[in-house]
Each structure stands twice: as structure tokens, then as C-alpha cells.
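Contents: one structure, followed by commentary.
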Amino acid sequence: MNPTPLQRALSAAPERAPAAKPRAEQEFFSFELGGLRIGIPSENVREVLRAGPLTPLPRSPSFLLGVTGHRGEVLPVLDLLRFLGKGEARIGSRTRLFVGISGSYVAAVLADTVAGLTRVPLSDIMPPPVGGDFSTDHLLGVVQPAAGGQILSLLNFSKVLQTARQRAVSR
Amino acid sequence: MSTVPEPTPNVELLLFEIADAVYGVDASQVRRIDRPGPHAIVRPELGIPHRNARALVFVTPEGEGELAVDGVRGVVNVSFDELRRLPPVTRGLSFAVGMWLGSDRPILLIDLPETARAASAAKEHHVPDHS
């Protein structure tokens with residue numbers, strides 16, 4: 001007598017629930033600036049600090065607001081909004097700086113608020129919009145939150161620092 | 001027997017103001033402080049002096065040079081530990097040579113003869129507009 005479809009299915013059924021496949025994820029440091037939600041790979045962030053007094057630098061690009069001293073180090077201070085052509089950051093009492101690093105390049109970057117570290121499944125990262133502007137050239141991708149809300153733009157921070165240096169020294 | 005730690009080498013910086021910003025130079029480069037003459041250099045990148053009250057007189061291979069400033073704050077004795085080179089992304093000006101970290105904010109350090117060299121280079125590259 002031929003087995004029924006159910007019997008066939010049962011004979012092929014596993015003994016126990018298969019182990020869930022781990023989802024590939026990447027950790028990002030996320031913050032808000034000028035109403036934008038931005039994330040950069042956590043390995044590019046060293047620490048977060050309060051914005052201290054800045055020393056403006058002559059003939060520097062507008063996105064380079066000056067330098068600040070921190071733990072015996074001179075850090076250039078970057079305004080990502082100006083760098084990306086998205087307006088300009090406002091410095092207030094709640095403004096934070098995070099120290100970003102890529103290879104031998106280190107810079108302090110302005111943030112209105114710091115959200116912290118977030119793990120993003122790689123499958124949730126959508127490619128940057130095709131034919132975008134200068135800012136999309138520096139994006140790793142974007143993440144649309146499941147419950148709506150604002151898009152998280154993931155920045156290629158190493159490329160940001162590289163471009164910032166090229167634009168600063170070519171003046 | 002205890003060893004005496006080697007003294008940290010020091011350098012004297014002369015601090016001055018241009019348009020409310022404070023800068024520093026190696027005091028040994030300053031021959032004297034004078035009233036600005038007709039050929040005193042103004043570097044717009046450092047700001048335009050409001051009062052134009054003083055000039056830092058220094059020596060260049062071509063003779064004396066003068067940098068017009070608003071005022072002189074004085075001379076400070078600074079340990080090498082408090083000096084830093086400029087970060088790579090900030091190296092846009094030939095006469096900006098470094099920073100001093102001993103103040104409440106970093107002070108930009110200027111090479112005086114280089115301000116004169118940069119001023120003459122700018123004059124040589126200036127193309128008069130006859131339109």
C-alpha cells in the first residue's frame with residue numbers, strides 16, 4: 001500500500017527544529033544631524049565627547065570648522081552636513097563630537113544627538129539610490145526601518161575622510 | 001643613586017592677535033615689535049587687523065619683513081610636549097606650521113618668513129584685470 005502524502009512528509013520530517021541560521025549583521029554607530037539619521041561602521045568610531053572650543057583654520061573648506069584639542073591630540077572638526085551639501089550643522093550646548101578614525105586619519109565629527117550602537121542585518125541594507133548626488137557617492141547603503149520612521153543612511157566613513165583630505169589639501 | 005630626568009626642551013612663543021583670533025610665532029623669529037609701516041604684510045587668511053596697531057618685524061633673505069597685527073599678548077615659554085603638527089586634512093596654508101595645545105583652545109602657529117614668501121608669491125601670480 002502506497003504511503004499517503006502525509007506519511008511521506010512525516011518520514012522526511014526532521015527529529016527536531018532546525019537550528020536557525022545566524023543572520024549576518026554589521027554594527028553601526030548611529031546619530032542624528034540636521035534631522036538626518038546617519039550610521040557609520042562602529043569600527044570607525046573611537047569615542048564621543050562634548051564639543052569644546054574650536055580654533056578656526058584659515059583657508060580651509062567650509063565643512064572643516066576648525067580644530068579642537070582632545071587628550072593632547074589636535075583633531076580637525078568636520079560638519080558632515082556641509083560636506084554632503086545638506087545644509088549646515090548648528091553648534092549648541094547639547095552638540096556632541098564623535099572621534100572618527102580610518103587608518104591614520106582621525107577627525108572629530110559633529111552630531112546633534114547620539115543614538116548609540118545598532119546592529120543592522122546585511123539583508124536590510126539597500127543600495128544607495130542610483131544616479132544620486134555627491135552625498136550618495138559616500139553612502140554604503142540605506143536602511144528603511146520596519147515600523148516606518150526615518151531612513152538610516154549608512155556612510156562610508158573611510159571614503160568621507162579620504163575625500164575631505166583631498167578637498168582640503170587641493171585648495 | 002637616582003638619575004635626574006632630562007629637562008623637556010622648551011621654546012618661546014610670541015602670541016599676537018589679528019581680528020580677535022590669537023596666533024603664535026617662534027619668538028626667536030621676531031626681531032622687534034614696531035608700528036606698522038607702509039609695506040607691512042596683511043594676510044587675509046589670518047583676518048584683517050581691526051586696529052593695525054603693531055607689526056612683528058622679522059628677517060627674510062630679502063631683508064626685513066613686517067606682519068601687521070592688532071596687538072601682542074606676550075611671550076610664553078612652552079614645552080615641546082605641548083606642540084603638535086597640523087593634522088593632514090588641515091595642511092592648506094604654507095605658513096601655518098603647527099598648533100600649541102597649552103591654551104583653552106589650540107593656538108595656530110605661524111612661520112613669519114613664510115608669510116612674506118607667500119605674499120610675494122601671491123603678487124607674482126596676480127594677473128591685473130584690465131577689463
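All residue names refer to the C-alpha cells as shown: chains lettered A, B, ... in order, residues numbered from 1 in each chain, ligands numbered from 1 in order.
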
What's around Ser103 in chain B at 10 Å? Count only C-alpha atoms, leave out sequence neighbours fewer than 4 positions away in its own chain, and write the answer as an mmCIF file with C-alpha atoms, in the first residue's frame.
```cif
data_model
loop_
_atom_site.group_PDB
_atom_site.id
_atom_site.type_symbol
_atom_site.label_atom_id
_atom_site.label_comp_id
_atom_site.auth_asym_id
_atom_site.auth_seq_id
_atom_site.Cartn_x
_atom_site.Cartn_y
_atom_site.Cartn_z
ATOM 1 C CA GLY A 69 42.335 69.762 21.296
ATOM 2 C CA GLU B 82 52.517 70.928 24.085
ATOM 3 C CA ILE B 107 46.607 78.145 19.005
#
```

* To do: Find the residues near range 95-107 of chain A: any atom within 6 Å, counting only C-alpha atoms, skip ones fewer than 6 places away on the same chain, and give them as a list in words.
  => Asn44, Val45, Arg46, Glu47, Val48, Leu49, Arg50, Ala51, Leu75, Pro76 and Ser158 of chain A

* **Surrounding residues of Leu86 in chain B excluding itself and chain neighbours under 5 positions, 8 Å, only C-alpha atoms, as a PyMOL selection string** => (chain A and resi 74) or (chain B and resi 91+97-99)

* To do: Among the residues of range 41-115 of chain A, find those DSSP assigns to helix (DSSP H, G or I) from the backbone and print them as a ChimeraX atom specification.
  => /A:42-44,80-84

* May I ask you to extract the residues of chain A within 10 Å of chain B, using only C-alpha atoms, and to give them as a PyMOL selection string? => chain A and resi 52-61+64+66-77+104-107+161-171

Strand (DSSP E) call set, DSSP backbone run, chain B, as an mmCIF file with N, CA, C and O atoms, in the first residue's frame:
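The file below, result_1.cif, is the result:
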```cif
data_model
loop_
_atom_site.group_PDB
_atom_site.id
_atom_site.type_symbol
_atom_site.label_atom_id
_atom_site.label_comp_id
_atom_site.auth_asym_id
_atom_site.auth_seq_id
_atom_site.Cartn_x
_atom_site.Cartn_y
_atom_site.Cartn_z
ATOM 1 N N ASN B 10 62.288 73.451 25.737
ATOM 2 C CA ASN B 10 61.238 74.466 25.646
ATOM 3 C C ASN B 10 61.479 75.379 24.447
ATOM 4 O O ASN B 10 62.583 75.442 23.922
ATOM 5 N N VAL B 11 60.447 76.099 24.081
ATOM 6 C CA VAL B 11 60.567 77.101 23.039
ATOM 7 C C VAL B 11 59.717 78.295 23.467
ATOM 8 O O VAL B 11 58.702 78.124 24.147
ATOM 9 N N GLU B 12 60.162 79.475 23.106
ATOM 10 C CA GLU B 12 59.380 80.674 23.442
ATOM 11 C C GLU B 12 58.479 81.038 22.275
ATOM 12 O O GLU B 12 58.949 81.171 21.135
ATOM 13 N N LEU B 13 57.204 81.188 22.586
ATOM 14 C CA LEU B 13 56.240 81.607 21.561
ATOM 15 C C LEU B 13 55.790 83.030 21.853
ATOM 16 O O LEU B 13 55.506 83.364 23.009
ATOM 17 N N LEU B 14 55.701 83.827 20.822
ATOM 18 C CA LEU B 14 55.119 85.155 20.965
ATOM 19 C C LEU B 14 53.675 85.061 20.465
ATOM 20 O O LEU B 14 53.433 84.616 19.333
ATOM 21 N N LEU B 15 52.742 85.419 21.340
ATOM 22 C CA LEU B 15 51.322 85.330 20.979
ATOM 23 C C LEU B 15 50.825 86.705 20.543
ATOM 24 O O LEU B 15 51.151 87.714 21.174
ATOM 25 N N PHE B 16 50.068 86.730 19.480
ATOM 26 C CA PHE B 16 49.538 88.004 18.986
ATOM 27 C C PHE B 16 48.117 87.823 18.490
ATOM 28 O O PHE B 16 47.644 86.680 18.304
ATOM 29 N N GLU B 17 47.442 88.953 18.289
ATOM 30 C CA GLU B 17 46.034 88.914 17.863
ATOM 31 C C GLU B 17 45.866 89.576 16.509
ATOM 32 O O GLU B 17 46.496 90.601 16.230
ATOM 33 N N ILE B 18 45.030 88.954 15.698
ATOM 34 C CA ILE B 18 44.552 89.611 14.478
ATOM 35 C C ILE B 18 43.046 89.364 14.430
ATOM 36 O O ILE B 18 42.608 88.204 14.459
ATOM 37 N N ALA B 21 41.348 86.812 16.700
ATOM 38 C CA ALA B 21 41.926 85.469 16.752
ATOM 39 C C ALA B 21 43.347 85.571 17.299
ATOM 40 O O ALA B 21 44.030 86.572 17.086
ATOM 41 N N VAL B 22 43.759 84.533 18.018
ATOM 42 C CA VAL B 22 45.103 84.531 18.604
ATOM 43 C C VAL B 22 45.979 83.544 17.832
ATOM 44 O O VAL B 22 45.553 82.423 17.527
ATOM 45 N N TYR B 23 47.172 83.974 17.512
ATOM 46 C CA TYR B 23 48.143 83.137 16.819
ATOM 47 C C TYR B 23 49.458 83.173 17.592
ATOM 48 O O TYR B 23 49.662 84.026 18.465
ATOM 49 N N GLY B 24 50.344 82.254 17.231
ATOM 50 C CA GLY B 24 51.653 82.235 17.869
ATOM 51 C C GLY B 24 52.746 82.118 16.826
ATOM 52 O O GLY B 24 52.538 81.569 15.744
ATOM 53 N N VAL B 25 53.905 82.682 17.167
ATOM 54 C CA VAL B 25 55.092 82.518 16.321
ATOM 55 C C VAL B 25 56.270 82.185 17.222
ATOM 56 O O VAL B 25 56.248 82.478 18.428
ATOM 57 N N ASP B 26 57.302 81.609 16.634
ATOM 58 C CA ASP B 26 58.546 81.384 17.353
ATOM 59 C C ASP B 26 59.116 82.767 17.690
ATOM 60 O O ASP B 26 59.421 83.561 16.790
ATOM 61 N N VAL B 30 61.162 86.948 15.793
ATOM 62 C CA VAL B 30 60.735 88.353 15.867
ATOM 63 C C VAL B 30 61.928 89.212 16.265
ATOM 64 O O VAL B 30 62.485 89.063 17.351
ATOM 65 N N ARG B 31 62.312 90.109 15.370
ATOM 66 C CA ARG B 31 63.453 90.990 15.675
ATOM 67 C C ARG B 31 63.000 92.123 16.590
ATOM 68 O O ARG B 31 63.664 92.460 17.538
ATOM 69 N N ARG B 32 61.841 92.682 16.301
ATOM 70 C CA ARG B 32 61.288 93.721 17.189
ATOM 71 C C ARG B 32 59.800 93.898 16.894
ATOM 72 O O ARG B 32 59.284 93.386 15.892
ATOM 73 N N ILE B 33 59.148 94.607 17.792
ATOM 74 C CA ILE B 33 57.729 94.954 17.587
ATOM 75 C C ILE B 33 57.687 96.453 17.346
ATOM 76 O O ILE B 33 58.266 97.227 18.107
ATOM 77 N N ASP B 34 57.010 96.827 16.274
ATOM 78 C CA ASP B 34 57.074 98.218 15.847
ATOM 79 C C ASP B 34 55.688 98.676 15.412
ATOM 80 O O ASP B 34 54.735 97.889 15.405
ATOM 81 N N ARG B 54 50.181 97.213 15.550
ATOM 82 C CA ARG B 54 51.564 96.786 15.697
ATOM 83 C C ARG B 54 51.995 95.981 14.480
ATOM 84 O O ARG B 54 51.164 95.502 13.712
ATOM 85 N N ALA B 55 53.307 95.846 14.365
ATOM 86 C CA ALA B 55 53.850 94.972 13.324
ATOM 87 C C ALA B 55 54.936 94.111 13.949
ATOM 88 O O ALA B 55 55.725 94.602 14.772
ATOM 89 N N LEU B 56 54.934 92.844 13.600
ATOM 90 C CA LEU B 56 56.023 91.966 14.022
ATOM 91 C C LEU B 56 57.085 92.048 12.934
ATOM 92 O O LEU B 56 56.827 91.720 11.774
ATOM 93 N N VAL B 57 58.252 92.525 13.318
ATOM 94 C CA VAL B 57 59.337 92.696 12.345
ATOM 95 C C VAL B 57 60.233 91.467 12.399
ATOM 96 O O VAL B 57 60.644 91.038 13.488
ATOM 97 N N PHE B 58 60.499 90.896 11.242
ATOM 98 C CA PHE B 58 61.296 89.665 11.192
ATOM 99 C C PHE B 58 62.265 89.742 10.008
ATOM 100 O O PHE B 58 62.158 90.638 9.151
ATOM 101 N N VAL B 59 63.176 88.793 9.975
ATOM 102 C CA VAL B 59 64.211 88.810 8.932
ATOM 103 C C VAL B 59 63.863 87.804 7.852
ATOM 104 O O VAL B 59 63.452 86.677 8.137
ATOM 105 N N THR B 60 64.018 88.217 6.612
ATOM 106 C CA THR B 60 63.857 87.301 5.474
ATOM 107 C C THR B 60 65.147 87.375 4.657
ATOM 108 O O THR B 60 65.955 88.301 4.851
ATOM 109 N N GLY B 63 65.599 90.773 3.245
ATOM 110 C CA GLY B 63 65.629 91.931 4.147
ATOM 111 C C GLY B 63 64.582 91.767 5.233
ATOM 112 O O GLY B 63 64.152 90.655 5.528
ATOM 113 N N GLU B 64 64.170 92.894 5.808
ATOM 114 C CA GLU B 64 63.180 92.815 6.879
ATOM 115 C C GLU B 64 61.773 92.690 6.319
ATOM 116 O O GLU B 64 61.453 93.274 5.279
ATOM 117 N N GLY B 65 60.953 91.944 7.018
ATOM 118 C CA GLY B 65 59.531 91.858 6.692
ATOM 119 C C GLY B 65 58.729 92.269 7.904
ATOM 120 O O GLY B 65 59.224 92.234 9.038
ATOM 121 N N GLU B 66 57.474 92.674 7.664
ATOM 122 C CA GLU B 66 56.592 93.085 8.773
ATOM 123 C C GLU B 66 55.237 92.431 8.589
ATOM 124 O O GLU B 66 54.683 92.457 7.488
ATOM 125 N N LEU B 67 54.720 91.890 9.656
ATOM 126 C CA LEU B 67 53.356 91.370 9.628
ATOM 127 C C LEU B 67 52.490 92.279 10.490
ATOM 128 O O LEU B 67 52.767 92.468 11.687
ATOM 129 N N ALA B 68 51.457 92.859 9.892
ATOM 130 C CA ALA B 68 50.561 93.755 10.646
ATOM 131 C C ALA B 68 49.656 92.935 11.559
ATOM 132 O O ALA B 68 49.055 91.942 11.129
ATOM 133 N N VAL B 69 49.585 93.346 12.819
ATOM 134 C CA VAL B 69 48.734 92.649 13.789
ATOM 135 C C VAL B 69 47.967 93.691 14.611
ATOM 136 O O VAL B 69 48.288 94.882 14.575
ATOM 137 N N GLY B 71 47.527 93.374 18.034
ATOM 138 C CA GLY B 71 48.170 93.541 19.339
ATOM 139 C C GLY B 71 49.019 92.334 19.673
ATOM 140 O O GLY B 71 48.871 91.267 19.068
ATOM 141 N N VAL B 72 49.893 92.527 20.645
ATOM 142 C CA VAL B 72 50.772 91.442 21.079
ATOM 143 C C VAL B 72 50.378 91.057 22.498
ATOM 144 O O VAL B 72 50.220 91.918 23.369
ATOM 145 N N ARG B 73 50.171 89.784 22.741
ATOM 146 C CA ARG B 73 49.741 89.313 24.063
ATOM 147 C C ARG B 73 50.912 89.048 24.982
ATOM 148 O O ARG B 73 50.744 89.034 26.191
ATOM 149 N N GLY B 74 52.062 88.721 24.398
ATOM 150 C CA GLY B 74 53.218 88.438 25.238
ATOM 151 C C GLY B 74 53.928 87.183 24.785
ATOM 152 O O GLY B 74 53.589 86.584 23.765
ATOM 153 N N VAL B 75 54.911 86.804 25.584
ATOM 154 C CA VAL B 75 55.727 85.644 25.241
ATOM 155 C C VAL B 75 55.480 84.553 26.275
ATOM 156 O O VAL B 75 55.413 84.844 27.476
ATOM 157 N N VAL B 76 55.289 83.343 25.817
ATOM 158 C CA VAL B 76 55.108 82.216 26.738
ATOM 159 C C VAL B 76 56.202 81.186 26.480
ATOM 160 O O VAL B 76 56.625 80.993 25.336
ATOM 161 N N ASN B 77 56.628 80.580 27.567
ATOM 162 C CA ASN B 77 57.644 79.530 27.475
ATOM 163 C C ASN B 77 56.906 78.193 27.401
ATOM 164 O O ASN B 77 56.170 77.842 28.314
ATOM 165 N N VAL B 78 57.073 77.471 26.319
ATOM 166 C CA VAL B 78 56.238 76.314 26.022
ATOM 167 C C VAL B 78 57.103 75.061 25.913
ATOM 168 O O VAL B 78 58.160 75.080 25.283
ATOM 169 N N SER B 79 56.627 74.001 26.532
ATOM 170 C CA SER B 79 57.328 72.722 26.418
ATOM 171 C C SER B 79 57.021 72.082 25.055
ATOM 172 O O SER B 79 55.916 72.234 24.522
ATOM 173 N N LEU B 83 53.349 71.003 21.802
ATOM 174 C CA LEU B 83 53.308 71.387 20.391
ATOM 175 C C LEU B 83 52.878 70.205 19.532
ATOM 176 O O LEU B 83 53.212 69.063 19.836
ATOM 177 N N ARG B 84 52.129 70.501 18.498
ATOM 178 C CA ARG B 84 51.683 69.445 17.581
ATOM 179 C C ARG B 84 51.802 69.926 16.134
ATOM 180 O O ARG B 84 51.611 71.114 15.858
ATOM 181 N N ALA B 96 51.167 78.133 7.966
ATOM 182 C CA ALA B 96 50.631 77.547 9.203
ATOM 183 C C ALA B 96 51.428 76.279 9.473
ATOM 184 O O ALA B 96 51.393 75.341 8.690
ATOM 185 N N VAL B 97 52.188 76.288 10.564
ATOM 186 C CA VAL B 97 53.154 75.207 10.755
ATOM 187 C C VAL B 97 52.779 74.234 11.867
ATOM 188 O O VAL B 97 53.329 73.137 11.941
ATOM 189 N N GLY B 98 51.864 74.605 12.741
ATOM 190 C CA GLY B 98 51.544 73.688 13.821
ATOM 191 C C GLY B 98 50.565 74.309 14.805
ATOM 192 O O GLY B 98 49.968 75.355 14.525
ATOM 193 N N MET B 99 50.402 73.652 15.941
ATOM 194 C CA MET B 99 49.466 74.121 16.962
ATOM 195 C C MET B 99 50.152 74.056 18.320
ATOM 196 O O MET B 99 51.008 73.208 18.566
ATOM 197 N N TRP B 100 49.727 74.959 19.199
ATOM 198 C CA TRP B 100 50.127 74.882 20.604
ATOM 199 C C TRP B 100 48.877 74.536 21.404
ATOM 200 O O TRP B 100 47.845 75.204 21.270
ATOM 201 N N ILE B 107 46.143 76.898 19.620
ATOM 202 C CA ILE B 107 46.607 78.145 19.005
ATOM 203 C C ILE B 107 47.394 77.790 17.735
ATOM 204 O O ILE B 107 48.320 76.968 17.777
ATOM 205 N N LEU B 108 47.014 78.415 16.633
ATOM 206 C CA LEU B 108 47.687 78.159 15.355
ATOM 207 C C LEU B 108 49.046 78.863 15.341
ATOM 208 O O LEU B 108 49.137 80.045 15.683
ATOM 209 N N LEU B 109 50.075 78.123 14.956
ATOM 210 C CA LEU B 109 51.429 78.672 14.931
ATOM 211 C C LEU B 109 51.826 79.009 13.493
ATOM 212 O O LEU B 109 51.610 78.226 12.572
ATOM 213 N N ILE B 110 52.420 80.202 13.347
ATOM 214 C CA ILE B 110 52.711 80.776 12.032
ATOM 215 C C ILE B 110 54.221 80.896 11.860
ATOM 216 O O ILE B 110 54.922 81.259 12.803
#
```
